[in-house]
$ cat start.txt   # compact mmCIF, N, CA and C atoms
# COMPACT_ATOMS: atom_id res chain seq x y z
N MET A 1 140.18 -33.60 76.10
CA MET A 1 141.49 -33.13 75.70
C MET A 1 141.35 -32.30 74.42
N ARG A 2 141.99 -31.16 74.44
CA ARG A 2 141.98 -30.27 73.28
C ARG A 2 143.33 -30.30 72.59
N ARG A 3 143.32 -29.96 71.32
CA ARG A 3 144.57 -29.90 70.55
C ARG A 3 145.05 -28.45 70.50
N TYR A 4 146.36 -28.28 70.62
CA TYR A 4 146.99 -26.97 70.59
C TYR A 4 148.22 -27.01 69.70
N GLU A 5 148.54 -25.87 69.11
CA GLU A 5 149.82 -25.68 68.46
C GLU A 5 150.68 -24.89 69.43
N LEU A 6 151.87 -25.36 69.67
CA LEU A 6 152.82 -24.68 70.54
C LEU A 6 154.01 -24.27 69.68
N THR A 7 154.20 -22.96 69.52
CA THR A 7 155.34 -22.44 68.78
C THR A 7 156.35 -21.92 69.80
N VAL A 8 157.60 -22.37 69.64
CA VAL A 8 158.65 -22.01 70.59
C VAL A 8 159.83 -21.45 69.81
N ILE A 9 160.43 -20.38 70.35
CA ILE A 9 161.65 -19.81 69.78
C ILE A 9 162.78 -20.05 70.77
N PHE A 10 163.81 -20.76 70.31
CA PHE A 10 164.99 -21.05 71.13
C PHE A 10 166.14 -20.15 70.69
N PRO A 11 167.14 -19.95 71.56
CA PRO A 11 168.35 -19.22 71.16
C PRO A 11 169.11 -19.99 70.09
N MET A 12 169.97 -19.31 69.37
CA MET A 12 170.74 -19.91 68.28
C MET A 12 171.84 -20.85 68.77
N GLU A 13 172.38 -20.62 69.95
CA GLU A 13 173.49 -21.42 70.44
C GLU A 13 173.04 -22.87 70.61
N GLU A 14 173.86 -23.81 70.15
CA GLU A 14 173.50 -25.23 70.14
C GLU A 14 173.24 -25.76 71.55
N ASP A 15 174.08 -25.40 72.53
CA ASP A 15 173.91 -25.92 73.89
C ASP A 15 172.61 -25.40 74.52
N GLN A 16 172.28 -24.14 74.31
CA GLN A 16 171.03 -23.60 74.86
C GLN A 16 169.82 -24.16 74.14
N HIS A 17 169.94 -24.38 72.84
CA HIS A 17 168.84 -24.97 72.07
C HIS A 17 168.56 -26.39 72.55
N LYS A 18 169.60 -27.18 72.70
CA LYS A 18 169.44 -28.57 73.14
C LYS A 18 168.89 -28.64 74.57
N ALA A 19 169.44 -27.82 75.46
CA ALA A 19 168.96 -27.80 76.85
C ALA A 19 167.51 -27.35 76.93
N GLY A 20 167.15 -26.32 76.17
CA GLY A 20 165.78 -25.83 76.16
C GLY A 20 164.81 -26.85 75.60
N ARG A 21 165.20 -27.52 74.52
CA ARG A 21 164.35 -28.54 73.90
C ARG A 21 164.14 -29.72 74.85
N ASP A 22 165.21 -30.16 75.51
CA ASP A 22 165.09 -31.27 76.46
C ASP A 22 164.20 -30.91 77.64
N LEU A 23 164.36 -29.70 78.16
CA LEU A 23 163.55 -29.25 79.28
C LEU A 23 162.09 -29.08 78.88
N LEU A 24 161.86 -28.60 77.67
CA LEU A 24 160.51 -28.45 77.15
C LEU A 24 159.80 -29.81 77.08
N HIS A 25 160.48 -30.80 76.50
CA HIS A 25 159.88 -32.13 76.39
C HIS A 25 159.65 -32.77 77.75
N SER A 26 160.57 -32.58 78.68
CA SER A 26 160.39 -33.17 80.01
C SER A 26 159.24 -32.50 80.76
N ASP A 27 159.08 -31.18 80.60
CA ASP A 27 157.96 -30.47 81.23
C ASP A 27 156.63 -30.94 80.65
N LEU A 28 156.58 -31.14 79.34
CA LEU A 28 155.35 -31.62 78.71
C LEU A 28 155.01 -33.03 79.18
N GLN A 29 155.99 -33.91 79.24
CA GLN A 29 155.75 -35.28 79.68
C GLN A 29 155.39 -35.34 81.16
N ALA A 30 155.99 -34.49 81.98
CA ALA A 30 155.70 -34.48 83.41
C ALA A 30 154.26 -34.06 83.68
N ASN A 31 153.69 -33.25 82.80
CA ASN A 31 152.31 -32.81 82.97
C ASN A 31 151.32 -33.69 82.21
N GLY A 32 151.78 -34.79 81.65
CA GLY A 32 150.89 -35.73 80.98
C GLY A 32 150.34 -35.22 79.66
N ILE A 33 151.12 -34.43 78.96
CA ILE A 33 150.69 -33.86 77.69
C ILE A 33 151.25 -34.71 76.55
N GLU A 34 150.38 -35.03 75.62
CA GLU A 34 150.75 -35.88 74.49
C GLU A 34 151.24 -35.01 73.34
N ILE A 35 152.43 -35.32 72.83
CA ILE A 35 153.00 -34.61 71.68
C ILE A 35 152.64 -35.41 70.43
N GLU A 36 151.83 -34.80 69.55
CA GLU A 36 151.43 -35.48 68.33
C GLU A 36 152.43 -35.31 67.20
N LYS A 37 153.02 -34.12 67.12
CA LYS A 37 153.89 -33.82 65.98
C LYS A 37 154.88 -32.73 66.38
N THR A 38 156.11 -32.83 65.88
CA THR A 38 157.13 -31.82 66.11
C THR A 38 157.76 -31.45 64.78
N ASP A 39 157.79 -30.16 64.47
CA ASP A 39 158.42 -29.66 63.25
C ASP A 39 159.49 -28.65 63.60
N GLU A 40 160.71 -28.92 63.16
CA GLU A 40 161.80 -27.95 63.29
C GLU A 40 161.68 -26.99 62.11
N LEU A 41 161.37 -25.73 62.37
CA LEU A 41 161.17 -24.75 61.30
C LEU A 41 162.46 -24.03 60.92
N GLY A 42 163.52 -24.26 61.67
CA GLY A 42 164.82 -23.70 61.33
C GLY A 42 165.11 -22.35 61.96
N GLU A 43 166.21 -21.77 61.49
CA GLU A 43 166.68 -20.50 62.01
C GLU A 43 166.04 -19.36 61.21
N ARG A 44 165.59 -18.34 61.93
CA ARG A 44 164.95 -17.20 61.28
C ARG A 44 165.31 -15.91 62.01
N ASP A 45 165.20 -14.81 61.27
CA ASP A 45 165.36 -13.50 61.88
C ASP A 45 164.10 -13.20 62.70
N LEU A 46 164.29 -12.54 63.83
CA LEU A 46 163.17 -12.12 64.66
C LEU A 46 162.66 -10.77 64.19
N ALA A 47 161.39 -10.50 64.35
CA ALA A 47 160.82 -9.22 63.96
C ALA A 47 161.36 -8.09 64.82
N TYR A 48 161.70 -8.41 66.06
CA TYR A 48 162.28 -7.43 66.98
C TYR A 48 163.20 -8.19 67.93
N GLU A 49 164.08 -7.48 68.58
CA GLU A 49 165.03 -8.12 69.50
C GLU A 49 164.31 -8.70 70.70
N ILE A 50 164.68 -9.92 71.06
CA ILE A 50 164.16 -10.58 72.25
C ILE A 50 165.37 -10.99 73.07
N LYS A 51 165.46 -10.47 74.28
CA LYS A 51 166.59 -10.75 75.16
C LYS A 51 167.93 -10.50 74.45
N LYS A 52 167.99 -9.38 73.72
CA LYS A 52 169.19 -8.92 73.01
C LYS A 52 169.63 -9.87 71.89
N ARG A 53 168.69 -10.60 71.31
CA ARG A 53 168.99 -11.51 70.21
C ARG A 53 168.16 -11.12 68.99
N LYS A 54 168.77 -11.29 67.81
CA LYS A 54 168.10 -10.93 66.56
C LYS A 54 167.69 -12.14 65.73
N ARG A 55 168.17 -13.33 66.09
CA ARG A 55 167.82 -14.57 65.38
C ARG A 55 167.44 -15.64 66.41
N GLY A 56 166.64 -16.60 65.95
CA GLY A 56 166.24 -17.68 66.83
C GLY A 56 165.89 -18.93 66.04
N ARG A 57 165.79 -20.05 66.74
CA ARG A 57 165.40 -21.33 66.14
C ARG A 57 163.94 -21.60 66.50
N TYR A 58 163.14 -21.78 65.48
CA TYR A 58 161.71 -21.99 65.66
C TYR A 58 161.37 -23.48 65.65
N VAL A 59 160.47 -23.87 66.57
CA VAL A 59 159.97 -25.24 66.63
C VAL A 59 158.45 -25.16 66.80
N LEU A 60 157.73 -25.98 66.04
CA LEU A 60 156.27 -26.03 66.11
C LEU A 60 155.87 -27.42 66.59
N LEU A 61 155.08 -27.48 67.68
CA LEU A 61 154.60 -28.75 68.21
C LEU A 61 153.08 -28.76 68.18
N VAL A 62 152.50 -29.92 67.89
CA VAL A 62 151.06 -30.12 68.01
C VAL A 62 150.88 -31.03 69.21
N ILE A 63 150.13 -30.55 70.22
CA ILE A 63 149.98 -31.28 71.47
C ILE A 63 148.51 -31.47 71.81
N LYS A 64 148.23 -32.43 72.68
CA LYS A 64 146.90 -32.65 73.24
C LYS A 64 146.98 -32.44 74.74
N SER A 65 146.07 -31.61 75.27
CA SER A 65 146.15 -31.29 76.69
C SER A 65 144.81 -30.77 77.19
N ASP A 66 144.65 -30.83 78.52
CA ASP A 66 143.53 -30.17 79.16
C ASP A 66 143.85 -28.68 79.28
N PRO A 67 142.84 -27.81 79.18
CA PRO A 67 143.10 -26.35 79.27
C PRO A 67 143.76 -25.93 80.58
N ALA A 68 143.46 -26.58 81.68
CA ALA A 68 144.05 -26.21 82.96
C ALA A 68 145.56 -26.45 82.97
N LYS A 69 146.01 -27.47 82.26
CA LYS A 69 147.45 -27.75 82.21
C LYS A 69 148.20 -26.72 81.37
N ILE A 70 147.50 -26.12 80.42
CA ILE A 70 148.14 -25.09 79.58
C ILE A 70 148.51 -23.88 80.43
N THR A 71 147.64 -23.48 81.33
CA THR A 71 147.96 -22.33 82.19
C THR A 71 149.11 -22.65 83.12
N ALA A 72 149.19 -23.90 83.59
CA ALA A 72 150.31 -24.31 84.44
C ALA A 72 151.62 -24.31 83.64
N LEU A 73 151.57 -24.78 82.40
CA LEU A 73 152.76 -24.78 81.56
C LEU A 73 153.22 -23.36 81.23
N ASP A 74 152.28 -22.47 81.08
CA ASP A 74 152.61 -21.07 80.81
C ASP A 74 153.51 -20.52 81.91
N ARG A 75 153.18 -20.82 83.14
CA ARG A 75 154.00 -20.36 84.29
C ARG A 75 155.38 -21.03 84.27
N ILE A 76 155.42 -22.32 83.97
CA ILE A 76 156.69 -23.05 83.95
C ILE A 76 157.60 -22.53 82.84
N PHE A 77 157.04 -22.31 81.64
CA PHE A 77 157.84 -21.87 80.50
C PHE A 77 158.39 -20.46 80.70
N LYS A 78 157.70 -19.62 81.45
CA LYS A 78 158.20 -18.27 81.70
C LYS A 78 159.49 -18.29 82.52
N LEU A 79 159.69 -19.35 83.29
CA LEU A 79 160.89 -19.47 84.11
C LEU A 79 162.05 -20.13 83.38
N ASN A 80 161.81 -20.69 82.22
CA ASN A 80 162.84 -21.37 81.45
C ASN A 80 163.68 -20.34 80.70
N ALA A 81 164.92 -20.19 81.08
CA ALA A 81 165.80 -19.19 80.46
C ALA A 81 166.22 -19.57 79.05
N ASN A 82 166.04 -20.84 78.66
CA ASN A 82 166.43 -21.29 77.33
C ASN A 82 165.33 -21.13 76.29
N LEU A 83 164.22 -20.52 76.65
CA LEU A 83 163.15 -20.21 75.71
C LEU A 83 163.10 -18.70 75.52
N LEU A 84 163.17 -18.25 74.28
CA LEU A 84 163.03 -16.81 74.04
C LEU A 84 161.57 -16.41 74.10
N LYS A 85 160.72 -17.14 73.36
CA LYS A 85 159.28 -16.88 73.33
C LYS A 85 158.55 -18.19 73.08
N PHE A 86 157.27 -18.22 73.46
CA PHE A 86 156.41 -19.37 73.19
C PHE A 86 154.98 -18.88 73.05
N LEU A 87 154.17 -19.66 72.34
CA LEU A 87 152.78 -19.28 72.11
C LEU A 87 151.93 -20.53 71.95
N PHE A 88 150.86 -20.62 72.75
CA PHE A 88 149.89 -21.69 72.64
C PHE A 88 148.70 -21.17 71.82
N VAL A 89 148.29 -21.95 70.81
CA VAL A 89 147.13 -21.60 69.99
C VAL A 89 146.24 -22.85 69.93
N ARG A 90 144.97 -22.67 70.29
CA ARG A 90 144.03 -23.79 70.25
C ARG A 90 143.64 -24.10 68.80
N ILE A 91 143.66 -25.38 68.43
CA ILE A 91 143.26 -25.81 67.10
C ILE A 91 141.78 -26.14 67.14
N GLU A 92 141.02 -25.48 66.29
CA GLU A 92 139.58 -25.75 66.22
C GLU A 92 139.35 -27.10 65.55
N GLU A 93 138.44 -27.86 66.09
CA GLU A 93 138.13 -29.18 65.54
C GLU A 93 137.22 -29.09 64.36
$ encode --input "start.txt" --output "structure tokens"
Amino acid sequence: MRRYELTVIFPMEEDQHKAGRDLLHSDLQANGIEIEKTDELGERDLAYEIKKRKRGRYVLLVIKSDPAKITALDRIFKLNANLLKFLFVRIEE
């Protein structure tokens, strides 16, 4: 199992943020991924417009997963309309 940082940008609206966060956690648990740490980084301006939005809510998660599951999650997260952007970064040991 490798450690990854997962950075996610959610929409500003409270209902979309909550729905996206709940769906994100359920997708991670369904794939057997362990969440070590979750940090709410707050609301920030985006460098460029994403889906016609200029602000978003940032969340940083530290997870443990097999590399094959990361590619599967990438496909699942692309279909989630409540996520503006996401990025997986491997943490070097």
$ atom_distance --input "start.txt" --atom1 "atom C of Ile50 of chain A" --atom2 "atom C of Gly20 of chain A"
16.1 Å
$ closest_residue --input "start.txt" --among "A:Leu73, A:Leu79, A:Ile63, A:Glu13" --to "Ile91 of chain A" --atoms "only C-alpha atoms"
A:Ile63
$ atom_distance --input "start.txt" --atom1 "atom CA of Arg53 of chain A" --atom2 "atom N of Leu83 of chain A"
12.1 Å
$ closest_residue --input "start.txt" --among "A:Lys52, A:His25, A:Arg90, A:Arg57" --to "Glu40 of chain A" --atoms "all atoms listed in the file"
A:Arg57
$ residues_around --input "start.txt" --residues "Ser65 of chain A" --least-positions-apart "3" --cutoff "6.5 Å" --atoms "only N, CA and C atoms" --output "VMD selection string"
chain A and resid 1 to 4 32 to 34 68 to 70
$ atom_distance --input "start.txt" --atom1 "atom CA of Asp27 of chain A" --atom2 "atom CA of Asn80 of chain A"
10.3 Å
$ closest_residue --input "start.txt" --among "A:Lys54, A:Tyr48, A:Leu41, A:Asn82" --to "Asp15 of chain A" --atoms "all atoms listed in the file"
A:Asn82
$ residues_around --input "start.txt" --residues "Met12 of chain A" --least-positions-apart "4" --cutoff "6.5 Å" --atoms "all atoms listed in the file" --output "ChimeraX atom specification"
/A:16-17,55-57
$ select_by_dssp --input "start.txt" --residues "chain A" --states "strand (DSSP E)" --output "VMD selection string"
chain A and resid 2 to 10 34 to 50 53 to 65 85 to 90
$ write_last_selection --input "start.txt" --atoms "N, CA and C atoms" --output "compact mmCIF listing (two decimals), keeping the file's coordinate frame"
# COMPACT_ATOMS: atom_id res chain seq x y z
N ARG A 2 141.99 -31.16 74.44
CA ARG A 2 141.98 -30.27 73.28
C ARG A 2 143.33 -30.30 72.59
N ARG A 3 143.32 -29.96 71.32
CA ARG A 3 144.57 -29.90 70.55
C ARG A 3 145.05 -28.45 70.50
N TYR A 4 146.36 -28.28 70.62
CA TYR A 4 146.99 -26.97 70.59
C TYR A 4 148.22 -27.01 69.70
N GLU A 5 148.54 -25.87 69.11
CA GLU A 5 149.82 -25.68 68.46
C GLU A 5 150.68 -24.89 69.43
N LEU A 6 151.87 -25.36 69.67
CA LEU A 6 152.82 -24.68 70.54
C LEU A 6 154.01 -24.27 69.68
N THR A 7 154.20 -22.96 69.52
CA THR A 7 155.34 -22.44 68.78
C THR A 7 156.35 -21.92 69.80
N VAL A 8 157.60 -22.37 69.64
CA VAL A 8 158.65 -22.01 70.59
C VAL A 8 159.83 -21.45 69.81
N ILE A 9 160.43 -20.38 70.35
CA ILE A 9 161.65 -19.81 69.78
C ILE A 9 162.78 -20.05 70.77
N PHE A 10 163.81 -20.76 70.31
CA PHE A 10 164.99 -21.05 71.13
C PHE A 10 166.14 -20.15 70.69
N GLU A 34 150.38 -35.03 75.62
CA GLU A 34 150.75 -35.88 74.49
C GLU A 34 151.24 -35.01 73.34
N ILE A 35 152.43 -35.32 72.83
CA ILE A 35 153.00 -34.61 71.68
C ILE A 35 152.64 -35.41 70.43
N GLU A 36 151.83 -34.80 69.55
CA GLU A 36 151.43 -35.48 68.33
C GLU A 36 152.43 -35.31 67.20
N LYS A 37 153.02 -34.12 67.12
CA LYS A 37 153.89 -33.82 65.98
C LYS A 37 154.88 -32.73 66.38
N THR A 38 156.11 -32.83 65.88
CA THR A 38 157.13 -31.82 66.11
C THR A 38 157.76 -31.45 64.78
N ASP A 39 157.79 -30.16 64.47
CA ASP A 39 158.42 -29.66 63.25
C ASP A 39 159.49 -28.65 63.60
N GLU A 40 160.71 -28.92 63.16
CA GLU A 40 161.80 -27.95 63.29
C GLU A 40 161.68 -26.99 62.11
N LEU A 41 161.37 -25.73 62.37
CA LEU A 41 161.17 -24.75 61.30
C LEU A 41 162.46 -24.03 60.92
N GLY A 42 163.52 -24.26 61.67
CA GLY A 42 164.82 -23.70 61.33
C GLY A 42 165.11 -22.35 61.96
N GLU A 43 166.21 -21.77 61.49
CA GLU A 43 166.68 -20.50 62.01
C GLU A 43 166.04 -19.36 61.21
N ARG A 44 165.59 -18.34 61.93
CA ARG A 44 164.95 -17.20 61.28
C ARG A 44 165.31 -15.91 62.01
N ASP A 45 165.20 -14.81 61.27
CA ASP A 45 165.36 -13.50 61.88
C ASP A 45 164.10 -13.20 62.70
N LEU A 46 164.29 -12.54 63.83
CA LEU A 46 163.17 -12.12 64.66
C LEU A 46 162.66 -10.77 64.19
N ALA A 47 161.39 -10.50 64.35
CA ALA A 47 160.82 -9.22 63.96
C ALA A 47 161.36 -8.09 64.82
N TYR A 48 161.70 -8.41 66.06
CA TYR A 48 162.28 -7.43 66.98
C TYR A 48 163.20 -8.19 67.93
N GLU A 49 164.08 -7.48 68.58
CA GLU A 49 165.03 -8.12 69.50
C GLU A 49 164.31 -8.70 70.70
N ILE A 50 164.68 -9.92 71.06
CA ILE A 50 164.16 -10.58 72.25
C ILE A 50 165.37 -10.99 73.07
N ARG A 53 168.69 -10.60 71.31
CA ARG A 53 168.99 -11.51 70.21
C ARG A 53 168.16 -11.12 68.99
N LYS A 54 168.77 -11.29 67.81
CA LYS A 54 168.10 -10.93 66.56
C LYS A 54 167.69 -12.14 65.73
N ARG A 55 168.17 -13.33 66.09
CA ARG A 55 167.82 -14.57 65.38
C ARG A 55 167.44 -15.64 66.41
N GLY A 56 166.64 -16.60 65.95
CA GLY A 56 166.24 -17.68 66.83
C GLY A 56 165.89 -18.93 66.04
N ARG A 57 165.79 -20.05 66.74
CA ARG A 57 165.40 -21.33 66.14
C ARG A 57 163.94 -21.60 66.50
N TYR A 58 163.14 -21.78 65.48
CA TYR A 58 161.71 -21.99 65.66
C TYR A 58 161.37 -23.48 65.65
N VAL A 59 160.47 -23.87 66.57
CA VAL A 59 159.97 -25.24 66.63
C VAL A 59 158.45 -25.16 66.80
N LEU A 60 157.73 -25.98 66.04
CA LEU A 60 156.27 -26.03 66.11
C LEU A 60 155.87 -27.42 66.59
N LEU A 61 155.08 -27.48 67.68
CA LEU A 61 154.60 -28.75 68.21
C LEU A 61 153.08 -28.76 68.18
N VAL A 62 152.50 -29.92 67.89
CA VAL A 62 151.06 -30.12 68.01
C VAL A 62 150.88 -31.03 69.21
N ILE A 63 150.13 -30.55 70.22
CA ILE A 63 149.98 -31.28 71.47
C ILE A 63 148.51 -31.47 71.81
N LYS A 64 148.23 -32.43 72.68
CA LYS A 64 146.90 -32.65 73.24
C LYS A 64 146.98 -32.44 74.74
N SER A 65 146.07 -31.61 75.27
CA SER A 65 146.15 -31.29 76.69
C SER A 65 144.81 -30.77 77.19
N LYS A 85 160.72 -17.14 73.36
CA LYS A 85 159.28 -16.88 73.33
C LYS A 85 158.55 -18.19 73.08
N PHE A 86 157.27 -18.22 73.46
CA PHE A 86 156.41 -19.37 73.19
C PHE A 86 154.98 -18.88 73.05
N LEU A 87 154.17 -19.66 72.34
CA LEU A 87 152.78 -19.28 72.11
C LEU A 87 151.93 -20.53 71.95
N PHE A 88 150.86 -20.62 72.75
CA PHE A 88 149.89 -21.69 72.64
C PHE A 88 148.70 -21.17 71.82
N VAL A 89 148.29 -21.95 70.81
CA VAL A 89 147.13 -21.60 69.99
C VAL A 89 146.24 -22.85 69.93
N ARG A 90 144.97 -22.67 70.29
CA ARG A 90 144.03 -23.79 70.25
C ARG A 90 143.64 -24.10 68.80
$ closest_residue --input "start.txt" --among "A:Lys18, A:Val59, A:Arg75, A:Ala30" --to "Glu43 of chain A" --atoms "only N, CA and C atoms"
A:Val59
$ residues_around --input "start.txt" --residues "Thr7 of chain A" --least-positions-apart "5" --cutoff "7 Å" --atoms "all atoms listed in the file" --output "mmCIF file with N, CA and C atoms, in the frame of the given file"
data_model
loop_
_atom_site.group_PDB
_atom_site.id
_atom_site.type_symbol
_atom_site.label_atom_id
_atom_site.label_comp_id
_atom_site.auth_asym_id
_atom_site.auth_seq_id
_atom_site.Cartn_x
_atom_site.Cartn_y
_atom_site.Cartn_z
ATOM 1 N N TYR A 58 163.140 -21.780 65.480
ATOM 2 C CA TYR A 58 161.710 -21.990 65.660
ATOM 3 C C TYR A 58 161.370 -23.480 65.650
ATOM 4 N N VAL A 59 160.470 -23.870 66.570
ATOM 5 C CA VAL A 59 159.970 -25.240 66.630
ATOM 6 C C VAL A 59 158.450 -25.160 66.800
ATOM 7 N N LEU A 60 157.730 -25.980 66.040
ATOM 8 C CA LEU A 60 156.270 -26.030 66.110
ATOM 9 C C LEU A 60 155.870 -27.420 66.590
ATOM 10 N N LEU A 61 155.080 -27.480 67.680
ATOM 11 C CA LEU A 61 154.600 -28.750 68.210
ATOM 12 C C LEU A 61 153.080 -28.760 68.180
ATOM 13 N N LYS A 85 160.720 -17.140 73.360
ATOM 14 C CA LYS A 85 159.280 -16.880 73.330
ATOM 15 C C LYS A 85 158.550 -18.190 73.080
ATOM 16 N N PHE A 86 157.270 -18.220 73.460
ATOM 17 C CA PHE A 86 156.410 -19.370 73.190
ATOM 18 C C PHE A 86 154.980 -18.880 73.050
ATOM 19 N N LEU A 87 154.170 -19.660 72.340
ATOM 20 C CA LEU A 87 152.780 -19.280 72.110
ATOM 21 C C LEU A 87 151.930 -20.530 71.950
ATOM 22 N N PHE A 88 150.860 -20.620 72.750
ATOM 23 C CA PHE A 88 149.890 -21.690 72.640
ATOM 24 C C PHE A 88 148.700 -21.170 71.820
ATOM 25 N N VAL A 89 148.290 -21.950 70.810
ATOM 26 C CA VAL A 89 147.130 -21.600 69.990
ATOM 27 C C VAL A 89 146.240 -22.850 69.930
#
$ axis_aligned_box --input "start.txt" --around "segment 78-83 of chain A" --padding-each-side "4 Å" --output "JSON"
{"center_x": 162.1, "center_y": -19.8, "center_z": 79.8, "size_x": 16.7, "size_y": 11.1, "size_z": 16.6}
$ select_by_dssp --input "start.txt" --residues "segment 13-90 of chain A" --states "alpha helix (DSSP H)" --output "list of chain:residue names"
A:Glu14, A:Asp15, A:Gln16, A:His17, A:Lys18, A:Ala19, A:Gly20, A:Arg21, A:Asp22, A:Leu23, A:Leu24, A:His25, A:Ser26, A:Asp27, A:Leu28, A:Gln29, A:Ala30, A:Pro67, A:Ala68, A:Lys69, A:Ile70, A:Thr71, A:Ala72, A:Leu73, A:Asp74, A:Arg75, A:Ile76, A:Phe77, A:Lys78
